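Below is target-v3.cif, holding mmCIF, C-alpha atoms.
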data_query
loop_
_atom_site.label_atom_id
_atom_site.label_comp_id
_atom_site.auth_asym_id
_atom_site.auth_seq_id
_atom_site.Cartn_x
_atom_site.Cartn_y
_atom_site.Cartn_z
CA MET A 1 58.66 -1.74 2.87
CA THR A 2 56.58 0.99 1.24
CA ASP A 3 57.52 4.65 1.40
CA TRP A 4 55.28 7.39 2.73
CA ASN A 5 52.67 8.75 0.33
CA PRO A 6 52.88 12.57 0.01
CA THR A 7 49.64 12.77 -1.97
CA LEU A 8 47.67 10.91 0.69
CA TYR A 9 49.32 12.89 3.48
CA MET A 10 48.46 16.20 1.83
CA LYS A 11 44.84 15.20 1.19
CA PHE A 12 44.19 16.85 4.55
CA GLU A 13 46.68 19.70 4.20
CA ASP A 14 44.32 22.36 5.55
CA GLU A 15 43.54 20.33 8.67
CA ARG A 16 47.13 19.26 9.26
CA MET A 17 48.44 22.81 8.91
CA LEU A 18 46.21 24.22 11.64
CA ALA A 19 48.56 22.96 14.36
CA ALA A 20 51.69 24.00 12.44
CA ARG A 21 50.35 27.54 12.13
CA ASP A 22 49.37 27.65 15.79
CA LEU A 23 52.84 26.47 16.81
CA LEU A 24 54.65 28.92 14.56
CA ALA A 25 52.49 31.82 15.76
CA ARG A 26 53.90 31.39 19.26
CA VAL A 27 57.58 31.14 18.26
CA PRO A 28 59.21 34.16 19.98
CA LEU A 29 61.69 34.98 17.19
CA SER A 30 61.73 37.82 14.68
CA SER A 31 64.49 36.91 12.24
CA PRO A 32 66.22 33.55 12.85
CA ARG A 33 68.99 32.92 10.35
CA ILE A 34 69.44 29.14 10.64
CA VAL A 35 66.22 27.11 10.77
CA TYR A 36 65.75 23.33 10.80
CA ASP A 37 62.44 21.63 10.08
CA LEU A 38 62.56 18.14 11.59
CA GLY A 39 60.34 15.55 9.95
CA CYS A 40 59.58 18.04 7.20
CA GLY A 41 57.37 15.68 5.20
CA PRO A 42 56.29 17.06 1.81
CA GLY A 43 57.49 20.58 2.60
CA ASN A 44 54.28 22.10 3.92
CA SER A 45 55.77 23.26 7.22
CA ALA A 46 58.99 24.42 5.54
CA GLU A 47 56.89 26.58 3.23
CA LEU A 48 55.16 28.05 6.26
CA LEU A 49 58.53 28.79 7.86
CA SER A 50 59.75 30.40 4.65
CA ARG A 51 56.81 32.78 4.59
CA ARG A 52 57.32 33.80 8.22
CA PHE A 53 61.12 34.07 7.94
CA PRO A 54 61.93 34.90 4.28
CA ASP A 55 65.63 35.55 4.98
CA ALA A 56 66.26 32.34 6.92
CA GLU A 57 68.37 29.41 5.72
CA ILE A 58 65.86 26.55 5.98
CA THR A 59 66.87 22.90 6.06
CA GLY A 60 64.26 20.14 6.16
CA LEU A 61 65.02 16.64 7.44
CA ASP A 62 63.04 13.48 6.73
CA THR A 63 63.66 9.76 6.23
CA SER A 64 61.20 9.40 3.33
CA GLU A 65 62.65 9.94 -0.12
CA ALA A 66 59.14 10.37 -1.55
CA MET A 67 58.39 13.14 0.94
CA LEU A 68 61.72 14.84 0.28
CA THR A 69 61.19 14.76 -3.50
CA HIS A 70 57.84 16.46 -3.03
CA ALA A 71 59.36 19.02 -0.63
CA ARG A 72 62.16 19.94 -3.05
CA MET A 73 59.63 20.67 -5.78
CA ARG A 74 57.42 22.63 -3.44
CA LEU A 75 60.14 24.85 -1.96
CA PRO A 76 63.22 24.86 -4.23
CA ARG A 77 65.03 27.56 -2.28
CA ALA A 78 65.23 25.41 0.88
CA ARG A 79 67.58 22.50 1.46
CA PHE A 80 66.13 19.05 2.14
CA VAL A 81 68.20 16.18 3.52
CA LYS A 82 67.47 12.50 4.12
CA GLN A 83 68.32 12.14 7.80
CA ASP A 84 67.00 10.35 10.88
CA ILE A 85 66.22 12.80 13.68
CA ALA A 86 67.35 10.25 16.27
CA ASP A 87 71.04 10.64 15.38
CA TRP A 88 70.97 14.10 13.83
CA ALA A 89 73.44 16.78 14.86
CA PRO A 90 73.52 20.12 13.00
CA PRO A 91 76.81 21.41 11.60
CA ASP A 92 75.98 24.85 13.01
CA GLU A 93 73.95 26.16 15.92
CA PRO A 94 70.30 26.59 14.87
CA HIS A 95 68.28 29.63 15.82
CA LEU A 96 65.07 27.64 15.41
CA ILE A 97 64.38 23.91 15.51
CA PHE A 98 60.82 23.27 14.38
CA ALA A 99 59.18 19.84 14.66
CA ASN A 100 55.59 19.64 13.46
CA ALA A 101 53.97 16.27 14.26
CA ALA A 102 57.24 14.37 13.91
CA LEU A 103 58.77 13.58 17.29
CA GLN A 104 55.92 11.25 18.35
CA PHE A 105 57.49 8.62 16.10
CA LEU A 106 60.75 8.62 18.08
CA PRO A 107 61.47 6.94 21.44
CA ASP A 108 63.36 8.14 24.52
CA HIS A 109 61.91 11.64 24.76
CA HIS A 110 63.62 12.11 28.12
CA ALA A 111 66.93 12.25 26.22
CA LEU A 112 65.76 13.46 22.80
CA PHE A 113 64.05 16.70 23.84
CA PRO A 114 66.83 18.17 25.99
CA ARG A 115 69.39 17.07 23.39
CA LEU A 116 67.59 18.98 20.65
CA ALA A 117 67.08 22.07 22.80
CA SER A 118 70.73 22.07 23.88
CA MET A 119 71.82 22.41 20.23
CA LEU A 120 70.26 25.87 19.93
CA ALA A 121 72.22 29.04 19.53
CA ARG A 122 71.78 31.60 22.30
CA GLY A 123 68.46 33.33 21.84
CA GLY A 124 67.12 30.39 19.86
CA ALA A 125 63.94 28.34 20.24
CA PHE A 126 62.92 24.70 19.97
CA ALA A 127 59.27 24.37 18.92
CA ALA A 128 57.44 21.05 18.71
CA GLN A 129 53.89 19.78 18.57
CA MET A 130 52.73 16.18 18.79
CA PRO A 131 49.35 14.46 18.68
CA VAL A 132 48.36 12.98 22.04
CA THR A 133 46.36 10.00 20.85
CA ALA A 134 47.14 6.97 23.04
CA ARG A 135 43.67 7.09 24.62
CA GLU A 136 41.80 8.03 21.46
CA SER A 137 39.42 5.50 19.88
CA SER A 138 41.25 5.81 16.57
CA HIS A 139 44.48 4.48 18.06
CA ALA A 140 42.89 1.88 20.32
CA LEU A 141 41.27 0.51 17.17
CA MET A 142 44.61 0.42 15.34
CA ARG A 143 46.05 -1.75 18.10
CA MET A 144 42.99 -4.01 18.14
CA VAL A 145 43.01 -4.61 14.38
CA ALA A 146 46.77 -5.27 14.50
CA ALA A 147 46.29 -7.87 17.25
CA GLU A 148 43.25 -9.69 15.86
CA GLY A 149 44.17 -10.20 12.20
CA PRO A 150 46.28 -12.88 10.49
CA TRP A 151 49.14 -10.36 10.56
CA SER A 152 49.24 -10.23 14.37
CA SER A 153 52.70 -11.82 14.69
CA ARG A 154 54.16 -9.01 12.58
CA LEU A 155 52.10 -6.07 13.84
CA VAL A 156 51.71 -6.64 17.59
CA PRO A 157 55.43 -6.01 18.20
CA ILE A 158 55.06 -2.75 16.25
CA ALA A 159 52.06 -1.72 18.35
CA LYS A 160 53.94 -2.49 21.57
CA THR A 161 56.99 -0.47 20.57
CA GLN A 162 55.17 2.68 19.43
CA PRO A 163 56.55 5.59 21.50
CA LEU A 164 54.13 7.14 23.95
CA ILE A 165 53.74 10.86 24.54
CA ALA A 166 54.66 11.68 28.13
CA ASP A 167 52.82 14.02 30.49
CA PHE A 168 53.50 17.72 30.06
CA GLU A 169 55.12 17.81 33.51
CA ASP A 170 57.74 15.36 32.25
CA TYR A 171 58.66 17.51 29.26
CA TYR A 172 58.95 20.51 31.55
CA GLU A 173 61.40 18.71 33.84
CA TRP A 174 63.41 17.29 30.92
CA LEU A 175 63.78 20.70 29.26
CA ARG A 176 64.21 22.85 32.35
CA PRO A 177 67.99 22.34 32.69
CA VAL A 178 68.66 23.54 29.12
CA ALA A 179 65.94 26.15 28.59
CA SER A 180 65.47 29.59 30.07
CA ARG A 181 61.75 29.58 29.26
CA ILE A 182 59.28 26.81 28.49
CA ASP A 183 55.81 27.43 27.06
CA MET A 184 53.36 24.55 26.81
CA TRP A 185 49.71 24.22 25.90
CA MET A 186 47.23 21.69 24.57
CA THR A 187 44.58 22.07 21.89
CA THR A 188 41.97 19.57 20.78
CA TYR A 189 41.03 20.05 17.14
CA VAL A 190 37.68 18.81 15.88
CA HIS A 191 37.65 17.87 12.19
CA ALA A 192 34.43 17.11 10.32
CA PHE A 193 34.90 14.35 7.74
CA ASP A 194 32.44 12.95 5.22
CA GLY A 195 32.62 9.52 6.82
CA PRO A 196 34.88 7.05 8.68
CA GLY A 197 36.86 6.58 5.49
CA GLY A 198 38.20 10.09 5.97
CA ILE A 199 39.66 9.14 9.36
CA ALA A 200 41.19 6.00 7.86
CA ASP A 201 42.75 8.03 5.05
CA TRP A 202 44.08 10.58 7.57
CA PHE A 203 46.00 7.89 9.45
CA ALA A 204 46.98 5.88 6.37
CA GLY A 205 49.10 8.91 5.52
CA SER A 206 50.67 9.10 8.98
CA ALA A 207 50.19 6.93 12.09
CA LEU A 208 49.13 3.75 10.28
CA GLN A 209 52.24 3.77 8.10
CA PRO A 210 54.39 1.64 10.47
CA PHE A 211 51.70 -1.07 10.28
CA LEU A 212 50.81 -0.84 6.61
CA GLU A 213 54.41 -0.93 5.39
CA ARG A 214 54.76 -4.46 6.79
CA LEU A 215 51.77 -5.83 4.89
CA SER A 216 51.25 -7.03 1.34
CA ASP A 217 48.86 -5.12 -0.93
CA ASP A 218 46.00 -7.53 -0.20
CA GLU A 219 46.67 -7.44 3.53
CA ARG A 220 46.69 -3.64 3.50
CA CYS A 221 43.26 -3.60 1.92
CA ALA A 222 41.96 -6.10 4.48
CA PHE A 223 43.52 -4.20 7.40
CA LEU A 224 41.99 -0.88 6.28
CA ALA A 225 38.59 -2.52 5.70
CA ARG A 226 38.54 -3.81 9.29
CA TYR A 227 39.74 -0.46 10.56
CA ARG A 228 36.99 1.44 8.70
CA ASP A 229 34.35 -0.94 10.07
CA GLY A 230 35.52 -0.21 13.61
CA LEU A 231 35.57 3.53 12.98
CA ARG A 232 31.87 3.47 12.00
CA THR A 233 31.05 2.43 15.56
CA ALA A 234 33.64 4.59 17.30
CA TYR A 235 32.72 7.75 15.38
CA PRO A 236 28.94 7.74 14.72
CA ALA A 237 27.58 9.96 11.98
CA GLN A 238 25.99 13.28 12.85
CA SER A 239 22.58 14.38 11.57
CA ASP A 240 24.16 15.66 8.35
CA GLY A 241 26.15 12.47 7.79
CA LYS A 242 29.49 13.95 8.88
CA VAL A 243 31.70 12.29 11.50
CA LEU A 244 33.49 14.43 14.07
CA PHE A 245 37.10 13.45 14.61
CA THR A 246 38.78 14.86 17.72
CA TYR A 247 42.55 15.21 17.68
CA PRO A 248 44.34 16.52 20.80
CA ARG A 249 47.86 17.93 20.43
CA LEU A 250 50.59 18.98 22.85
CA PHE A 251 52.62 22.11 22.02
CA ILE A 252 56.05 22.89 23.48
CA ILE A 253 58.35 25.86 22.93
CA ALA A 254 61.68 25.90 24.78
CA SER A 255 63.79 29.04 24.50
CA ARG A 256 67.41 29.75 25.36
CA ASP A 257 68.77 33.10 26.50
#
If you took the structure in this file and wrote it as structure tokens, what would it be?
Amino acid sequence: MTDWNPTLYMKFEDERMLAARDLLARVPLSSPRIVYDLGCGPGNSAELLSRRFPDAEITGLDTSEAMLTHARMRLPRARFVKQDIADWAPPDEPHLIFANAALQFLPDHHALFPRLASMLARGGAFAAQMPVTARESSHALMRMVAAEGPWSSRLVPIAKTQPLIADFEDYYEWLRPVASRIDMWMTTYVHAFDGPGGIADWFAGSALQPFLERLSDDERCAFLARYRDGLRTAYPAQSDGKVLFTYPRLFIIASRD
């Protein structure tokens, strides 16, 4: 299986960081000492956390060695650990657990979210944002290409097991027993790309990875070619040639007294 590609992921750093900045801006903490960045990727969100909380001890977690290598170079003063969020338990009580576009890859949110929030120190906060894309054309097309190609026997099971983002009411009920305050909101970002290839590149560095890592090099090229063809219809060009890519996200901040 191929590893994640930090260079491709960071091709859209400005666009990807909009949601991270919006999430961090609402974190109700002034000087957390112990901070964990779950699914830290190439260190972009950890760098953001470091700027906001310069005295904090920041630890980033990710399962991709390529991403972690990039993160260590980007922010040498932080600690980066190869660790799966699903079975992670901190050695100390965090003041802030930050998860920027990471938890959508994990199942069983009814157990995961309250478990993470319950690890907080008193006065701490759990902040997460996730793309809500199950009904978006981009993701419907992923599933269609996975099902209709010669790779269907390998990719359809992956498509069927992709975790789904629940309704915001569900997250409220799951977190309510362990949180003294829960803030939630949704934002739909609209990104203007030069063409459908931009959307394909966006997801090749994130949501398409579970599919692409199970394909050979030639199959990856064929998969992405079919995906780009479908995107041309799903996202028609504007008068200036740009395509407008909508990306809704759910934000959650759970605090403990």
**Study point:** Polymer residues at most 12 Å from (66.7, 8.6, 12.9) by all atoms listed in the file, as a list of chain:residue names
**Key:** A:Leu38, A:Gly39, A:Leu61, A:Asp62, A:Thr63, A:Ser64, A:Lys82, A:Gln83, A:Asp84, A:Ile85, A:Ala86, A:Asp87, A:Trp88, A:Ala89, A:Ala102, A:Leu103, A:Phe105, A:Leu106, A:Pro107, A:Leu112
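For the structure shown here, the set of residues caught by the PyMOL selection byres ((chain A and resi 206) around 10) is Trp4, Asn5, Pro6, Leu8, Tyr9, Ala101, Ala102, Phe105, Asp201, Trp202, Phe203, Ala204, Gly205, Ala207, Leu208, Gln209 and Pro210 of chain A.
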Check your understanding: Nearest to A:Phe245: which of A:Val81, A:Val190, A:Ala99, A:Leu116 is it, counting only C-alpha atoms?
Key -> A:Val190
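Counting from atom CA of A:Met186, the distance to atom CA of A:Thr133 is 12.3 Å.
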Check your understanding: Which polymer residues have any atom within 12 Å of an atom of A:Cys221, counting only C-alpha atoms, with same-chain residues fewer than 5 positions away left out, as JSON, numbers by chain?
Key -> {"A": [200, 204, 212, 213, 215, 216, 226, 227, 228]}
Test item: residues at most 12 Å from A:Leu24, only C-alpha atoms, excluding those fewer than 2 positions along its chain, as a PDB file with C-alpha atoms, in the frame of the given file:
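Below is the file result_3.pdb, written as the result:
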ATOM      1  CA  MET A  17      48.440  22.810   8.910  1.00  0.00           C
ATOM      2  CA  LEU A  18      46.210  24.220  11.640  1.00  0.00           C
ATOM      3  CA  ALA A  19      48.560  22.960  14.360  1.00  0.00           C
ATOM      4  CA  ALA A  20      51.690  24.000  12.440  1.00  0.00           C
ATOM      5  CA  ARG A  21      50.350  27.540  12.130  1.00  0.00           C
ATOM      6  CA  ASP A  22      49.370  27.650  15.790  1.00  0.00           C
ATOM      7  CA  ARG A  26      53.900  31.390  19.260  1.00  0.00           C
ATOM      8  CA  VAL A  27      57.580  31.140  18.260  1.00  0.00           C
ATOM      9  CA  PRO A  28      59.210  34.160  19.980  1.00  0.00           C
ATOM     10  CA  LEU A  29      61.690  34.980  17.190  1.00  0.00           C
ATOM     11  CA  SER A  30      61.730  37.820  14.680  1.00  0.00           C
ATOM     12  CA  ASP A  37      62.440  21.630  10.080  1.00  0.00           C
ATOM     13  CA  SER A  45      55.770  23.260   7.220  1.00  0.00           C
ATOM     14  CA  ALA A  46      58.990  24.420   5.540  1.00  0.00           C
ATOM     15  CA  GLU A  47      56.890  26.580   3.230  1.00  0.00           C
ATOM     16  CA  LEU A  48      55.160  28.050   6.260  1.00  0.00           C
ATOM     17  CA  LEU A  49      58.530  28.790   7.860  1.00  0.00           C
ATOM     18  CA  SER A  50      59.750  30.400   4.650  1.00  0.00           C
ATOM     19  CA  ARG A  51      56.810  32.780   4.590  1.00  0.00           C
ATOM     20  CA  ARG A  52      57.320  33.800   8.220  1.00  0.00           C
ATOM     21  CA  PHE A  53      61.120  34.070   7.940  1.00  0.00           C
ATOM     22  CA  LEU A  96      65.070  27.640  15.410  1.00  0.00           C
ATOM     23  CA  ILE A  97      64.380  23.910  15.510  1.00  0.00           C
ATOM     24  CA  PHE A  98      60.820  23.270  14.380  1.00  0.00           C
ATOM     25  CA  ALA A  99      59.180  19.840  14.660  1.00  0.00           C
ATOM     26  CA  ASN A 100      55.590  19.640  13.460  1.00  0.00           C
ATOM     27  CA  ALA A 125      63.940  28.340  20.240  1.00  0.00           C
ATOM     28  CA  PHE A 126      62.920  24.700  19.970  1.00  0.00           C
ATOM     29  CA  ALA A 127      59.270  24.370  18.920  1.00  0.00           C
ATOM     30  CA  ALA A 128      57.440  21.050  18.710  1.00  0.00           C
ATOM     31  CA  GLN A 129      53.890  19.780  18.570  1.00  0.00           C
ATOM     32  CA  PHE A 251      52.620  22.110  22.020  1.00  0.00           C
ATOM     33  CA  ILE A 252      56.050  22.890  23.480  1.00  0.00           C
ATOM     34  CA  ILE A 253      58.350  25.860  22.930  1.00  0.00           C
TER      35      ILE A 253
END
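In this model, the gap between atom CA of A:Trp151 and atom CA of A:Gly41 comes to 27.8 Å.
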Missing atoms in stretch 13-33 of chain A need filling: write out N, CA and C atoms for it as a PDB file, keeping the file's coordinate frame.
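The result, stored in out_21.pdb:
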ATOM      1  N   GLU A  13      45.694  18.645   3.924  1.00  0.00           N
ATOM      2  CA  GLU A  13      46.680  19.700   4.200  1.00  0.00           C
ATOM      3  C   GLU A  13      46.093  20.810   5.073  1.00  0.00           C
ATOM      4  N   ASP A  14      44.901  21.265   4.771  1.00  0.00           N
ATOM      5  CA  ASP A  14      44.320  22.360   5.550  1.00  0.00           C
ATOM      6  C   ASP A  14      44.186  21.983   7.018  1.00  0.00           C
ATOM      7  N   GLU A  15      43.708  20.764   7.272  1.00  0.00           N
ATOM      8  CA  GLU A  15      43.540  20.330   8.670  1.00  0.00           C
ATOM      9  C   GLU A  15      44.883  20.119   9.356  1.00  0.00           C
ATOM     10  N   ARG A  16      45.833  19.528   8.648  1.00  0.00           N
ATOM     11  CA  ARG A  16      47.130  19.260   9.260  1.00  0.00           C
ATOM     12  C   ARG A  16      47.901  20.549   9.552  1.00  0.00           C
ATOM     13  N   MET A  17      47.680  21.574   8.737  1.00  0.00           N
ATOM     14  CA  MET A  17      48.440  22.810   8.910  1.00  0.00           C
ATOM     15  C   MET A  17      47.912  23.704  10.013  1.00  0.00           C
ATOM     16  N   LEU A  18      46.729  23.415  10.540  1.00  0.00           N
ATOM     17  CA  LEU A  18      46.210  24.220  11.640  1.00  0.00           C
ATOM     18  C   LEU A  18      47.182  24.229  12.821  1.00  0.00           C
ATOM     19  N   ALA A  19      47.656  23.050  13.216  1.00  0.00           N
ATOM     20  CA  ALA A  19      48.560  22.960  14.360  1.00  0.00           C
ATOM     21  C   ALA A  19      49.915  23.573  14.049  1.00  0.00           C
ATOM     22  N   ALA A  20      50.406  23.397  12.817  1.00  0.00           N
ATOM     23  CA  ALA A  20      51.690  24.000  12.440  1.00  0.00           C
ATOM     24  C   ALA A  20      51.616  25.516  12.524  1.00  0.00           C
ATOM     25  N   ARG A  21      50.521  26.078  12.060  1.00  0.00           N
ATOM     26  CA  ARG A  21      50.350  27.540  12.130  1.00  0.00           C
ATOM     27  C   ARG A  21      50.247  28.017  13.570  1.00  0.00           C
ATOM     28  N   ASP A  22      49.515  27.263  14.391  1.00  0.00           N
ATOM     29  CA  ASP A  22      49.370  27.650  15.790  1.00  0.00           C
ATOM     30  C   ASP A  22      50.704  27.583  16.521  1.00  0.00           C
ATOM     31  N   LEU A  23      51.516  26.580  16.200  1.00  0.00           N
ATOM     32  CA  LEU A  23      52.840  26.470  16.810  1.00  0.00           C
ATOM     33  C   LEU A  23      53.737  27.623  16.378  1.00  0.00           C
ATOM     34  N   LEU A  24      53.776  27.883  15.084  1.00  0.00           N
ATOM     35  CA  LEU A  24      54.650  28.920  14.560  1.00  0.00           C
ATOM     36  C   LEU A  24      54.253  30.304  15.083  1.00  0.00           C
ATOM     37  N   ALA A  25      52.957  30.520  15.279  1.00  0.00           N
ATOM     38  CA  ALA A  25      52.490  31.820  15.760  1.00  0.00           C
ATOM     39  C   ALA A  25      53.038  32.166  17.131  1.00  0.00           C
ATOM     40  N   ARG A  26      53.403  31.151  17.905  1.00  0.00           N
ATOM     41  CA  ARG A  26      53.900  31.390  19.260  1.00  0.00           C
ATOM     42  C   ARG A  26      55.425  31.366  19.354  1.00  0.00           C
ATOM     43  N   VAL A  27      56.105  31.135  18.234  1.00  0.00           N
ATOM     44  CA  VAL A  27      57.580  31.140  18.260  1.00  0.00           C
ATOM     45  C   VAL A  27      58.065  32.568  18.512  1.00  0.00           C
ATOM     46  N   PRO A  28      58.842  32.790  19.570  1.00  0.00           N
ATOM     47  CA  PRO A  28      59.210  34.160  19.980  1.00  0.00           C
ATOM     48  C   PRO A  28      60.463  34.679  19.274  1.00  0.00           C
ATOM     49  N   LEU A  29      60.532  34.544  17.954  1.00  0.00           N
ATOM     50  CA  LEU A  29      61.690  34.980  17.190  1.00  0.00           C
ATOM     51  C   LEU A  29      61.232  35.901  16.072  1.00  0.00           C
ATOM     52  N   SER A  30      62.080  36.895  15.747  1.00  0.00           N
ATOM     53  CA  SER A  30      61.730  37.820  14.680  1.00  0.00           C
ATOM     54  C   SER A  30      62.462  37.516  13.376  1.00  0.00           C
ATOM     55  N   SER A  31      63.725  37.146  13.462  1.00  0.00           N
ATOM     56  CA  SER A  31      64.490  36.910  12.240  1.00  0.00           C
ATOM     57  C   SER A  31      65.583  35.864  12.450  1.00  0.00           C
ATOM     58  N   PRO A  32      65.202  34.606  12.717  1.00  0.00           N
ATOM     59  CA  PRO A  32      66.220  33.550  12.850  1.00  0.00           C
ATOM     60  C   PRO A  32      66.932  33.328  11.523  1.00  0.00           C
ATOM     61  N   ARG A  33      68.225  33.102  11.579  1.00  0.00           N
ATOM     62  CA  ARG A  33      68.990  32.920  10.350  1.00  0.00           C
ATOM     63  C   ARG A  33      69.069  31.451   9.947  1.00  0.00           C
TER      64      ARG A  33
END
